[in-house]
Each structure stands twice: as structure tokens, then as C-alpha cells.
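The structure appears below as C-alpha cells.
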Amino acid sequence: MSVWQVPVDLLAHSRFVISPMTDTVAALRALHSPRRPWQHAWRRPHLDAYQRMLAARPLLPVLLAAAFQPRWTADFLTLAPATAAPTFAEELTVVAGRGDDRIRADLRAARPGPLAEPLRGDGLTEHVVALLDWVWTQTVRPEWPARERRLRADVVARTARLSTQGWAGVLADFKPAVRWLGDGHLQVNEYPAPPLPLDRAEQLVFVPAHCARGWVLWDPPTRFGMVYPASGILADDTPPMPDGLDRLIGPHRADILVRLANPLSTSHLAAVTGLSLGAVGDHLRVLRDAGMVTRRRSGREVLYWHTPRGAALAGVGAAAVPVIPR
């Protein structure tokens, strides 16, 4: 198994990062080889345009076949973000700066052996940049406000979990092979490899994405990270709204109420709904006064969830009282 040896000070300064490039690579993976039903559904309206784009650049299918391997993805698609809040343009510039020779080296590392003839010539970097820019512009950027809200909601939830369960709890559902082993050891996959000391690393990041399974990010020796699937509950897997509920209590209150089958914080609700913290607080106050939601403090946060009356109104059945660490 592959294990990173993480120094205490590096772990203490690690952080969650929203990366437009990482979500773009996740979208490219879904276009190239969808794994889950939701990926097939998302891919369907983009498929014709994607195939036309590939037909116009016949080198790209060859490049993608080399870049995406069962146990490895070419490093130019898995670079750790360099800043806490990168833009897509900034991350694309980093990829563009690698140059053709480095791109070829990344492809050889992903798939040992001779490269296909089309990959031996000049212009590889230009094709990679064009591919990533197309996926971002045509498929991700139009959805980015909603995507970003979902990703930030995941970060809010995991940050709260960190305060009560530690890193073992935060990493528990990244994917089966990922786990915190304790004593500074982080297992990142089950592939055989010697332990990797991160003694020279300056950055360790955790990046949520719209993906079926996560992967490792790195730009050795200084930047490392892990991509993980954003939590299912935060990917708009929300119960359907009962007919007429929005007309009865207003669309925003109805949206908040149906989400509270699980305990959520004000900041979490703001992230998934797009409302301001103040607006969410006002709606929660009205719902509490009406006996629809209750609350309890958990660490630094106050979490809200349905009362039995609120659950009935939201059409989700009787609400169970959750166990919430204080």
C-alpha cells in the first residue's frame, strides 16, 4: 500500500481547497469514461460536442488513452493547486508552463513503454491546454456557481467533523483505500509502494470534486494533496419538495426545510442554497418559531434539523433525534 509520512507541522497547516481545475479534470474523466449513473446522465447532453471536439483534434484521443490508466493518471492532470483560492486561468497557466518534454515524461510515467507516434511531435502542451480549456468553458463554467456551493458545503461539513472526530473521521469516506493510520501516516491507496516522506513538503491540501472516486495530487517535492468525492448529501441529493410547500411558506424556507433531515449549520445551509448567512438565519428563526426545526450546539457550530412537525411538512416522515457531539 502507498503511505505518506506526514510531519506534524505539515498536517497542522493543511487545508481544504476548492480547485476549478480539479473539477474540470473530474468532468473530463466523466466525459472520457463515466463510472456512475449520474456521470452518464451528466455526460449525455455534452457528448456530441465533446466527440466533435475530439474529431477536430485527432491527437487528443491518443493522448487521453495514454494519460488515464487504471492505476495512474498523468501528472499534468493531477497538479496540486498552488494557492488557497486558485482560479481556473491560474491553474491552466501552470499546466501550460510544463512544456512538451515534461508532458511526454508524465505520459511515460503513467504508461511505461514507447509513446504512440502522434505523441512524439511538437505541440503536445497546446493540445492539453486546448482540451482542458474546452472542458472548463463548455461544461464546468456554466455550472460553476452551483458546483462551487456544493463543494464549499462539503468543506463546511468536514471542517465541523474535524473538530469532533479528528482526521480519521474526516477521511473515513474518501474512498475505501484511504485512511488515517495514526502517528503521522496517511494511506492514500492500496498499491504497493515504499512509504513516501513528505519532509520537504510545504503544502498538503484536500480537494472535494464532482467525481466517482478520488486521486492523489502532487507537484513534488513541495506540494501534495488528495481529491475526494464531495459528500452525496451535499451534491444536491435533497428530498423532493412536496407540492405547494413553497407557496405555503415561501421558496427559500421550503428549500431550507427539506434539507434539514440531517443536521446542518447556518454556514452549511448558506453554502448549499446560495443565500447569505443573515437570510438563512432569518428563515431558520421563523421555522423555529413555528416549531418546524430545532437546534443544538456542536463544538463551535449550531446545528439545525427537523422537528416531527417539520419532517411531516417536508414530506420525509417522522424525524429521528440525531446524536450530535456537544
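Scheme for the C-alpha cells: letters A, B, ... for chains in order shown; per-chain residue numbers from 1; ligand numbers from 1 in order shown.
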
So which residues touch Ala209 of chain A within 6 Å, counting only C-alpha atoms, skipping near sequence neighbours fewer than 2 positions away, as a compact mmCIF listing (two decimals) with N, CA and C atoms, in the first residue's frame?
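Final file, result-v2.txt:
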# COMPACT_ATOMS: atom_id res chain seq x y z
N ASP A 23 -11.99 20.14 -10.59
CA ASP A 23 -13.34 19.79 -11.02
C ASP A 23 -13.41 19.65 -12.55
N CYS A 211 -16.72 13.82 -8.54
CA CYS A 211 -16.06 12.67 -9.13
C CYS A 211 -16.60 11.38 -8.49
N PRO A 229 -14.44 12.49 -3.50
CA PRO A 229 -15.80 12.81 -3.95
C PRO A 229 -16.54 13.64 -2.90
N ALA A 230 -17.12 14.74 -3.32
CA ALA A 230 -17.94 15.54 -2.40
C ALA A 230 -19.07 14.68 -1.85

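Neighbouring residues of Ala49 of chain A at 12 Å or closer, counting only C-alpha atoms and skipping chain neighbours under 6 positions away, are Leu31, Arg43, Ala55, Ala56, Trp134, Val135, Gln138 and Thr139 of chain A.
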
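Minimum atom-to-atom distances from A:Ala270, A:Ala279, A:Val95, A:Ala212 to Phe174 of chain A were compared using only C-alpha atoms, and the lowest value belongs to A:Ala212.
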
Find the residues of segment 287-312 of chain A that sit at most 6 Å from segment 245-268 of chain A; for each, write down the nearest two atoms and how far apart they are in Å, to one decimal. Count only C-alpha atoms. Sort by chain, then by number going up, and give it as JSON lines.
{"residue": "A:Val302", "atom": "CA", "partner": "A:Ser265", "partner_atom": "CA", "distance": 5.8}
{"residue": "A:Leu303", "atom": "CA", "partner": "A:Ser265", "partner_atom": "CA", "distance": 4.5}
{"residue": "A:Tyr304", "atom": "CA", "partner": "A:Pro263", "partner_atom": "CA", "distance": 5.2}
{"residue": "A:Trp305", "atom": "CA", "partner": "A:Leu260", "partner_atom": "CA", "distance": 4.6}
{"residue": "A:His306", "atom": "CA", "partner": "A:Leu260", "partner_atom": "CA", "distance": 5.6}

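A straight line drawn from atom CA of Arg223 of chain A to atom CA of Ala82 of chain A is 7.5 Å long.
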
Every residue of segment 137-293 of chain A that DSSP places in strand (DSSP E or B), as a count of residues only: 33

Val94 of chain A surroundings by only C-alpha atoms, 10 Å radius, close-in-sequence under 2 positions cut, as a ChimeraX atom specification: /A:76,79,81-82,89-92,96-99
